[in-house]
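Here is input_17.pdb, consisting of PDB, C-alpha atoms, pLDDT in the B column:
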```pdb
ATOM      1  CA  GLN V  57       0.000   0.000   0.000  1.00 63.00           C
ATOM      2  CA  LYS V  58       1.525   3.285  -1.085  1.00 67.00           C
ATOM      3  CA  GLU V  59       1.407   5.794   1.734  1.00 89.00           C
ATOM      4  CA  VAL V  60       1.979   9.412   2.549  1.00 94.00           C
ATOM      5  CA  GLU V  61       2.495  10.176   6.226  1.00 94.00           C
ATOM      6  CA  GLN V  62       2.054  13.465   8.015  1.00 94.00           C
ATOM      7  CA  ASN V  63       1.908  14.374  11.667  1.00 91.00           C
ATOM      8  CA  SER V  64      -1.686  15.428  12.332  1.00 88.00           C
ATOM      9  CA  GLY V  65      -0.687  18.149  14.797  1.00 89.00           C
ATOM     10  CA  PRO V  66      -1.757  20.658  15.794  1.00 95.00           C
ATOM     11  CA  LEU V  67       1.565  22.361  15.251  1.00 96.00           C
ATOM     12  CA  SER V  68       1.500  25.627  17.167  1.00 97.00           C
ATOM     13  CA  VAL V  69       3.947  28.416  16.348  1.00 97.00           C
ATOM     14  CA  PRO V  70       4.039  32.051  17.442  1.00 97.00           C
ATOM     15  CA  GLU V  71       3.379  34.788  14.918  1.00 97.00           C
ATOM     16  CA  GLY V  72       6.536  35.665  13.004  1.00 97.00           C
ATOM     17  CA  ALA V  73       8.203  32.290  13.564  1.00 97.00           C
ATOM     18  CA  ILE V  74       9.084  29.642  10.990  1.00 97.00           C
ATOM     19  CA  ALA V  75       6.613  26.781  10.699  1.00 97.00           C
ATOM     20  CA  SER V  76       8.066  23.488   9.498  1.00 97.00           C
ATOM     21  CA  LEU V  77       5.710  20.861   8.095  1.00 97.00           C
ATOM     22  CA  ASN V  78       6.937  17.409   7.184  1.00 96.00           C
ATOM     23  CA  CYS V  79       5.794  14.549   4.989  1.00 96.00           C
ATOM     24  CA  THR V  80       7.227  11.124   4.196  1.00 96.00           C
ATOM     25  CA  TYR V  81       6.171   8.829   1.372  1.00 95.00           C
ATOM     26  CA  SER V  82       6.676   5.162   0.661  1.00 93.00           C
ATOM     27  CA  ASP V  83       6.805   4.919  -3.154  1.00 90.00           C
ATOM     28  CA  ARG V  84      10.384   5.479  -4.329  1.00 90.00           C
ATOM     29  CA  GLY V  85       9.159   5.982  -7.880  1.00 87.00           C
ATOM     30  CA  SER V  86       7.188   9.113  -6.986  1.00 89.00           C
ATOM     31  CA  GLN V  87       7.910  11.957  -9.340  1.00 86.00           C
ATOM     32  CA  SER V  88       6.051  15.019  -8.208  1.00 91.00           C
ATOM     33  CA  PHE V  89       5.067  16.450  -4.867  1.00 94.00           C
ATOM     34  CA  PHE V  90       2.560  19.049  -3.848  1.00 95.00           C
ATOM     35  CA  TRP V  91       1.539  21.061  -0.819  1.00 97.00           C
ATOM     36  CA  TYR V  92      -2.048  22.204  -0.454  1.00 97.00           C
ATOM     37  CA  ARG V  93      -3.519  24.501   2.179  1.00 97.00           C
ATOM     38  CA  GLN V  94      -7.050  23.838   3.369  1.00 97.00           C
ATOM     39  CA  TYR V  95      -8.985  26.206   5.572  1.00 96.00           C
ATOM     40  CA  SER V  96     -11.742  24.724   7.695  1.00 93.00           C
ATOM     41  CA  GLY V  97     -14.807  23.975   5.564  1.00 91.00           C
ATOM     42  CA  LYS V  98     -13.048  24.926   2.341  1.00 93.00           C
ATOM     43  CA  SER V  99     -11.404  22.973  -0.458  1.00 94.00           C
ATOM     44  CA  PRO V 100      -7.647  22.420  -0.841  1.00 96.00           C
ATOM     45  CA  GLU V 101      -5.709  25.217  -2.500  1.00 95.00           C
ATOM     46  CA  LEU V 102      -2.347  24.549  -4.163  1.00 94.00           C
ATOM     47  CA  ILE V 103       0.571  26.327  -2.526  1.00 95.00           C
ATOM     48  CA  MET V 104       3.678  24.694  -3.953  1.00 93.00           C
ATOM     49  CA  SER V 105       4.802  21.920  -6.229  1.00 93.00           C
ATOM     50  CA  ILE V 106       8.290  20.434  -6.374  1.00 94.00           C
ATOM     51  CA  TYR V 107       9.801  17.832  -8.661  1.00 92.00           C
ATOM     52  CA  SER V 108      13.577  17.929  -8.127  1.00 92.00           C
ATOM     53  CA  ASN V 109      15.744  17.385  -5.079  1.00 94.00           C
ATOM     54  CA  GLY V 110      16.559  20.534  -3.165  1.00 95.00           C
ATOM     55  CA  ASP V 111      14.691  23.680  -2.243  1.00 96.00           C
ATOM     56  CA  LYS V 112      12.078  25.685  -4.085  1.00 96.00           C
ATOM     57  CA  GLU V 113      11.069  29.086  -2.777  1.00 96.00           C
ATOM     58  CA  ASP V 114       7.943  31.106  -3.441  1.00 95.00           C
ATOM     59  CA  GLY V 115       7.496  34.162  -1.262  1.00 96.00           C
ATOM     60  CA  ARG V 116       7.300  33.079   2.373  1.00 97.00           C
ATOM     61  CA  PHE V 117       7.048  29.409   1.404  1.00 97.00           C
ATOM     62  CA  THR V 118       9.905  26.998   0.768  1.00 97.00           C
ATOM     63  CA  ALA V 119       9.398  23.392  -0.280  1.00 97.00           C
ATOM     64  CA  GLN V 120      12.231  20.948   0.296  1.00 97.00           C
ATOM     65  CA  LEU V 121      12.553  17.549  -1.359  1.00 96.00           C
ATOM     66  CA  ASN V 122      14.909  14.698  -0.532  1.00 96.00           C
ATOM     67  CA  LYS V 123      14.111  11.709  -2.705  1.00 94.00           C
ATOM     68  CA  ALA V 124      16.818   9.528  -1.154  1.00 94.00           C
ATOM     69  CA  SER V 125      15.172   9.925   2.248  1.00 94.00           C
ATOM     70  CA  GLN V 126      11.647   9.977   0.746  1.00 95.00           C
ATOM     71  CA  TYR V 127      10.932  13.186   2.555  1.00 94.00           C
ATOM     72  CA  VAL V 128       9.318  16.457   1.565  1.00 97.00           C
ATOM     73  CA  SER V 129       8.806  19.477   3.767  1.00 97.00           C
ATOM     74  CA  LEU V 130       7.217  22.907   3.694  1.00 98.00           C
ATOM     75  CA  LEU V 131       8.671  25.873   5.545  1.00 98.00           C
ATOM     76  CA  ILE V 132       6.573  28.957   6.173  1.00 98.00           C
ATOM     77  CA  ARG V 133       8.613  31.980   7.160  1.00 98.00           C
ATOM     78  CA  ASP V 134       7.205  34.905   9.149  1.00 97.00           C
ATOM     79  CA  SER V 135       4.096  32.875   9.991  1.00 97.00           C
ATOM     80  CA  GLN V 136       0.861  34.837  10.208  1.00 97.00           C
ATOM     81  CA  PRO V 137      -2.443  33.980  11.935  1.00 96.00           C
ATOM     82  CA  SER V 138      -3.938  33.747   8.427  1.00 96.00           C
ATOM     83  CA  ASP V 139      -1.617  30.778   7.784  1.00 97.00           C
ATOM     84  CA  SER V 140      -3.581  28.770  10.346  1.00 97.00           C
ATOM     85  CA  ALA V 141      -5.015  25.896   8.324  1.00 97.00           C
ATOM     86  CA  THR V 142      -4.504  22.236   7.528  1.00 97.00           C
ATOM     87  CA  TYR V 143      -1.660  21.523   5.132  1.00 97.00           C
ATOM     88  CA  LEU V 144      -1.972  18.492   2.886  1.00 97.00           C
ATOM     89  CA  CYS V 145       0.981  16.761   1.303  1.00 96.00           C
ATOM     90  CA  ALA V 146       0.240  15.002  -1.998  1.00 95.00           C
ATOM     91  CA  VAL V 147       2.468  12.686  -3.978  1.00 93.00           C
ATOM     92  CA  ASN V 148       2.085  11.645  -7.584  1.00 89.00           C
ATOM     93  CA  PRO V 149       3.732   8.258  -8.171  1.00 82.00           C
ATOM     94  CA  GLY V 150       3.649   8.776 -11.924  1.00 76.00           C
ATOM     95  CA  THR V 151       0.062   7.821 -12.660  1.00 75.00           C
ATOM     96  CA  TYR V 152      -3.111   9.857 -12.939  1.00 76.00           C
ATOM     97  CA  LYS V 153      -3.704   9.419  -9.255  1.00 80.00           C
ATOM     98  CA  TYR V 154      -2.428  11.363  -6.285  1.00 88.00           C
ATOM     99  CA  ILE V 155      -1.829   9.951  -2.848  1.00 91.00           C
ATOM    100  CA  PHE V 156      -2.726  12.426  -0.127  1.00 93.00           C
ATOM    101  CA  GLY V 157      -1.583  12.570   3.451  1.00 93.00           C
ATOM    102  CA  THR V 158      -4.202  13.231   6.104  1.00 93.00           C
ATOM    103  CA  GLY V 159      -2.793  16.703   6.750  1.00 95.00           C
ATOM    104  CA  THR V 160      -1.086  18.670   9.487  1.00 96.00           C
ATOM    105  CA  ARG V 161      -3.088  21.293  11.328  1.00 96.00           C
ATOM    106  CA  LEU V 162      -1.096  24.491  11.834  1.00 97.00           C
ATOM    107  CA  LYS V 163      -2.025  27.102  14.422  1.00 97.00           C
ATOM    108  CA  VAL V 164      -0.223  30.436  14.352  1.00 97.00           C
ATOM    109  CA  LEU V 165      -0.630  32.212  17.654  1.00 95.00           C
ATOM    110  CA  ALA V 166      -0.948  36.001  17.624  1.00 92.00           C
TER
ATOM    111  CA  ASP M 278      -6.747  30.767 -13.792  1.00 70.00           C
ATOM    112  CA  VAL M 279      -8.186  27.307 -13.576  1.00 68.00           C
ATOM    113  CA  LYS M 280     -11.766  27.310 -12.443  1.00 91.00           C
ATOM    114  CA  VAL M 281     -13.528  24.233 -11.159  1.00 95.00           C
ATOM    115  CA  THR M 282     -17.118  24.675 -10.048  1.00 96.00           C
ATOM    116  CA  GLN M 283     -19.480  22.329  -8.263  1.00 96.00           C
ATOM    117  CA  SER M 284     -23.239  22.497  -8.544  1.00 91.00           C
ATOM    118  CA  SER M 285     -24.022  22.809  -4.844  1.00 92.00           C
ATOM    119  CA  ARG M 286     -22.154  23.843  -1.701  1.00 93.00           C
ATOM    120  CA  TYR M 287     -24.567  22.094   0.626  1.00 96.00           C
ATOM    121  CA  LEU M 288     -27.055  19.282   0.046  1.00 96.00           C
ATOM    122  CA  VAL M 289     -29.445  17.471   2.362  1.00 97.00           C
ATOM    123  CA  LYS M 290     -30.919  14.217   1.076  1.00 97.00           C
ATOM    124  CA  ARG M 291     -32.853  11.301   2.491  1.00 97.00           C
ATOM    125  CA  THR M 292     -31.712   7.694   2.656  1.00 97.00           C
ATOM    126  CA  GLY M 293     -32.481   5.881  -0.584  1.00 97.00           C
ATOM    127  CA  GLU M 294     -32.608   8.969  -2.768  1.00 97.00           C
ATOM    128  CA  LYS M 295     -30.598   9.161  -5.969  1.00 97.00           C
ATOM    129  CA  VAL M 296     -28.157  12.049  -5.717  1.00 97.00           C
ATOM    130  CA  PHE M 297     -26.345  13.868  -8.497  1.00 97.00           C
ATOM    131  CA  LEU M 298     -23.266  15.980  -7.879  1.00 97.00           C
ATOM    132  CA  GLU M 299     -21.973  17.937 -10.828  1.00 97.00           C
ATOM    133  CA  CYS M 300     -18.568  19.392 -11.546  1.00 97.00           C
ATOM    134  CA  VAL M 301     -17.534  21.685 -14.375  1.00 97.00           C
ATOM    135  CA  GLN M 302     -14.064  22.881 -15.321  1.00 96.00           C
ATOM    136  CA  ASP M 303     -13.335  25.629 -17.820  1.00 94.00           C
ATOM    137  CA  MET M 304      -9.704  24.916 -18.738  1.00 89.00           C
ATOM    138  CA  ASP M 305     -10.087  22.079 -21.228  1.00 91.00           C
ATOM    139  CA  HIS M 306      -8.533  19.618 -18.776  1.00 91.00           C
ATOM    140  CA  GLU M 307      -8.398  15.955 -19.771  1.00 91.00           C
ATOM    141  CA  ASN M 308      -8.507  14.479 -16.264  1.00 92.00           C
ATOM    142  CA  MET M 309     -11.215  14.878 -13.688  1.00 95.00           C
ATOM    143  CA  PHE M 310     -11.534  13.339 -10.244  1.00 96.00           C
ATOM    144  CA  TRP M 311     -14.053  12.828  -7.474  1.00 97.00           C
ATOM    145  CA  TYR M 312     -12.888  12.540  -3.876  1.00 97.00           C
ATOM    146  CA  ARG M 313     -14.579  12.380  -0.542  1.00 97.00           C
ATOM    147  CA  GLN M 314     -13.007  13.818   2.564  1.00 96.00           C
ATOM    148  CA  ASP M 315     -13.790  12.669   6.074  1.00 93.00           C
ATOM    149  CA  PRO M 316     -12.140  13.673   9.360  1.00 88.00           C
ATOM    150  CA  GLY M 317      -9.137  11.502  10.128  1.00 83.00           C
ATOM    151  CA  LEU M 318      -9.346   9.684   6.796  1.00 86.00           C
ATOM    152  CA  GLY M 319      -8.113  12.379   4.477  1.00 86.00           C
ATOM    153  CA  LEU M 320      -8.957  12.552   0.802  1.00 93.00           C
ATOM    154  CA  ARG M 321     -10.066   9.293  -0.769  1.00 94.00           C
ATOM    155  CA  LEU M 322     -10.455   8.862  -4.505  1.00 94.00           C
ATOM    156  CA  ILE M 323     -13.860   7.605  -5.627  1.00 97.00           C
ATOM    157  CA  TYR M 324     -13.551   7.717  -9.420  1.00 96.00           C
ATOM    158  CA  PHE M 325     -11.530   9.494 -12.035  1.00 94.00           C
ATOM    159  CA  SER M 326     -11.863  10.094 -15.742  1.00 95.00           C
ATOM    160  CA  TYR M 327      -9.044  10.640 -18.226  1.00 90.00           C
ATOM    161  CA  ASP M 328     -11.209  11.332 -21.277  1.00 89.00           C
ATOM    162  CA  VAL M 329     -14.799  11.755 -22.327  1.00 90.00           C
ATOM    163  CA  LYS M 330     -16.769   8.600 -21.537  1.00 86.00           C
ATOM    164  CA  MET M 331     -13.672   7.030 -19.958  1.00 90.00           C
ATOM    165  CA  LYS M 332     -13.596   6.313 -16.258  1.00 93.00           C
ATOM    166  CA  GLU M 333     -11.680   4.287 -13.743  1.00 93.00           C
ATOM    167  CA  LYS M 334     -12.501   3.248 -10.229  1.00 95.00           C
ATOM    168  CA  GLY M 335     -10.586   4.816  -7.432  1.00 93.00           C
ATOM    169  CA  ASP M 336     -10.111   3.449  -3.945  1.00 91.00           C
ATOM    170  CA  ILE M 337     -13.724   3.581  -2.743  1.00 95.00           C
ATOM    171  CA  PRO M 338     -16.129   3.279  -5.725  1.00 96.00           C
ATOM    172  CA  GLU M 339     -18.784   1.187  -3.983  1.00 96.00           C
ATOM    173  CA  GLY M 340     -22.172   2.892  -3.953  1.00 96.00           C
ATOM    174  CA  TYR M 341     -21.128   5.490  -6.533  1.00 97.00           C
ATOM    175  CA  SER M 342     -21.128   5.833 -10.295  1.00 97.00           C
ATOM    176  CA  VAL M 343     -19.949   8.588 -12.611  1.00 97.00           C
ATOM    177  CA  SER M 344     -20.723  10.074 -15.969  1.00 96.00           C
ATOM    178  CA  ARG M 345     -18.613  12.124 -18.313  1.00 96.00           C
ATOM    179  CA  GLU M 346     -20.505  12.915 -21.491  1.00 94.00           C
ATOM    180  CA  LYS M 347     -18.656  16.161 -22.183  1.00 95.00           C
ATOM    181  CA  LYS M 348     -15.045  17.036 -21.531  1.00 94.00           C
ATOM    182  CA  GLU M 349     -15.801  19.868 -19.143  1.00 96.00           C
ATOM    183  CA  ARG M 350     -18.373  18.070 -17.001  1.00 96.00           C
ATOM    184  CA  PHE M 351     -17.980  15.149 -14.606  1.00 97.00           C
ATOM    185  CA  SER M 352     -20.925  13.938 -12.562  1.00 97.00           C
ATOM    186  CA  LEU M 353     -20.926  11.782  -9.456  1.00 98.00           C
ATOM    187  CA  ILE M 354     -24.042   9.733  -8.808  1.00 98.00           C
ATOM    188  CA  LEU M 355     -25.072   8.152  -5.543  1.00 97.00           C
ATOM    189  CA  GLU M 356     -27.472   5.470  -6.718  1.00 94.00           C
ATOM    190  CA  SER M 357     -29.203   5.061  -3.358  1.00 97.00           C
ATOM    191  CA  ALA M 358     -27.888   7.436  -0.736  1.00 97.00           C
ATOM    192  CA  SER M 359     -27.000   6.041   2.650  1.00 97.00           C
ATOM    193  CA  THR M 360     -26.058   7.783   5.888  1.00 97.00           C
ATOM    194  CA  ASN M 361     -22.458   6.602   5.594  1.00 96.00           C
ATOM    195  CA  GLN M 362     -22.170   8.688   2.439  1.00 98.00           C
ATOM    196  CA  THR M 363     -22.514  11.869   4.474  1.00 97.00           C
ATOM    197  CA  SER M 364     -19.273  13.638   3.660  1.00 97.00           C
ATOM    198  CA  MET M 365     -17.508  16.499   1.897  1.00 97.00           C
ATOM    199  CA  TYR M 366     -17.239  15.735  -1.823  1.00 98.00           C
ATOM    200  CA  LEU M 367     -14.460  17.364  -3.791  1.00 97.00           C
ATOM    201  CA  CYS M 368     -14.036  17.504  -7.535  1.00 97.00           C
ATOM    202  CA  ALA M 369     -10.639  18.159  -9.106  1.00 96.00           C
ATOM    203  CA  SER M 370      -9.183  18.431 -12.576  1.00 94.00           C
ATOM    204  CA  SER M 371      -5.750  18.285 -14.156  1.00 90.00           C
ATOM    205  CA  LEU M 372      -4.434  19.053 -17.590  1.00 86.00           C
ATOM    206  CA  GLY M 373      -3.579  15.516 -18.687  1.00 80.00           C
ATOM    207  CA  GLY M 374      -1.001  14.164 -21.104  1.00 72.00           C
ATOM    208  CA  GLY M 375       2.034  14.866 -18.953  1.00 68.00           C
ATOM    209  CA  VAL M 376       4.082  13.079 -16.370  1.00 62.00           C
ATOM    210  CA  ILE M 377       3.729  15.901 -13.899  1.00 69.00           C
ATOM    211  CA  GLU M 378       0.154  16.861 -13.223  1.00 79.00           C
ATOM    212  CA  THR M 379      -1.226  19.494 -10.877  1.00 86.00           C
ATOM    213  CA  GLN M 380      -4.733  18.930  -9.586  1.00 91.00           C
ATOM    214  CA  TYR M 381      -7.031  21.884  -9.000  1.00 93.00           C
ATOM    215  CA  PHE M 382     -10.017  21.546  -6.709  1.00 96.00           C
ATOM    216  CA  GLY M 383     -13.534  22.870  -6.809  1.00 96.00           C
ATOM    217  CA  PRO M 384     -15.142  24.444  -3.710  1.00 96.00           C
ATOM    218  CA  GLY M 385     -16.629  21.169  -2.486  1.00 96.00           C
ATOM    219  CA  THR M 386     -20.143  19.916  -1.745  1.00 97.00           C
ATOM    220  CA  ARG M 387     -21.047  19.070   1.808  1.00 96.00           C
ATOM    221  CA  LEU M 388     -23.643  16.297   1.646  1.00 97.00           C
ATOM    222  CA  LEU M 389     -25.789  15.268   4.580  1.00 97.00           C
ATOM    223  CA  VAL M 390     -27.838  12.080   4.196  1.00 98.00           C
ATOM    224  CA  LEU M 391     -30.615  11.722   6.761  1.00 97.00           C
TER
END
```
Turn this file's structure into structure tokens for me.
Amino acid sequence: QKEVEQNSGPLSVPEGAIASLNCTYSDRGSQSFFWYRQYSGKSPELIMSIYSNGDKEDGRFTAQLNKASQYVSLLIRDSQPSDSATYLCAVNPGTYKYIFGTGTRLKVLA
Amino acid sequence: DVKVTQSSRYLVKRTGEKVFLECVQDMDHENMFWYRQDPGLGLRLIYFSYDVKMKEKGDIPEGYSVSREKKERFSLILESASTNQTSMYLCASSLGGGVIETQYFGPGTRLLVL
């Protein structure tokens, strides 16, 4: 069974701090990786995608991928209360289908 | 911008009713997906379609069927609604034809079956 694992949280960080969200996956053949943000009662919204080992930065967000360790992370710098949400990690093993983690709930404390 | 719309945000139905959930995307995407999301279980794939009239079962197809008569529209059908189908239903689409695909989600339909 191909899996994507995330800590469910909640992960609490003070406003202005760096939030670090982690995800591990089991399928070594996975080719693309995505982070979605989901506010309570809303649908997932794409934040970042990453395909190659290393870091990818977009504004306050940085995605990090380590295929050897089967690990992908999302860093949120200067966290804001509006970043409080559930963050879903998704992995595409090279088919039409995604495998989603169950999400990490982030709480940014003002 | 990709836009995926779903016919209803909230639905209340009775056990045994036939329920139709509709999804429309406006970006000429090949692939469309139906998921349900339940607390603690995450997103689970019900069905997906990679072309008009083509469909494949996902992880939890039992009790559901789908229809894709036009490229932009993908319908999820609950043949006889049951209380365990109370859930948030999410439609998504992706471009298709590539190795790397980004899925874009609609706003979701929260279904309550009484």
Worksheet entry | Expected selection from the PyMOL selection byres ((chain M) within 9 of (chain V)), given as a PyMOL selection string | chain M and resi 308+310+316-322+325+327+335+365+367+371+373+376-385+387
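Distance-wise, atom CA of M:Gly340 and atom CA of V:Ser96 end up 26.9 Å apart.
Within the 12 Å cut-off around V:Lys112, using all atoms listed in the file and omitting residues fewer than 4 positions from it on the same chain, the listed residues are Phe89, Phe90, Trp91, Ile103, Met104, Ser105, Ile106, Tyr107, Ser108, Arg116, Phe117, Thr118, Ala119, Gln120, Leu121, Asn122, Val128, Ser129, Leu130 and Leu131 of chain V.
Computed from the coordinates, the atom CA of V:Asp114 to atom CA of V:Leu67 distance equals 21.6 Å.
With atom CA of M:Glu339 on one side and atom CA of M:Leu388 on the other, the separation reads 16.8 Å.
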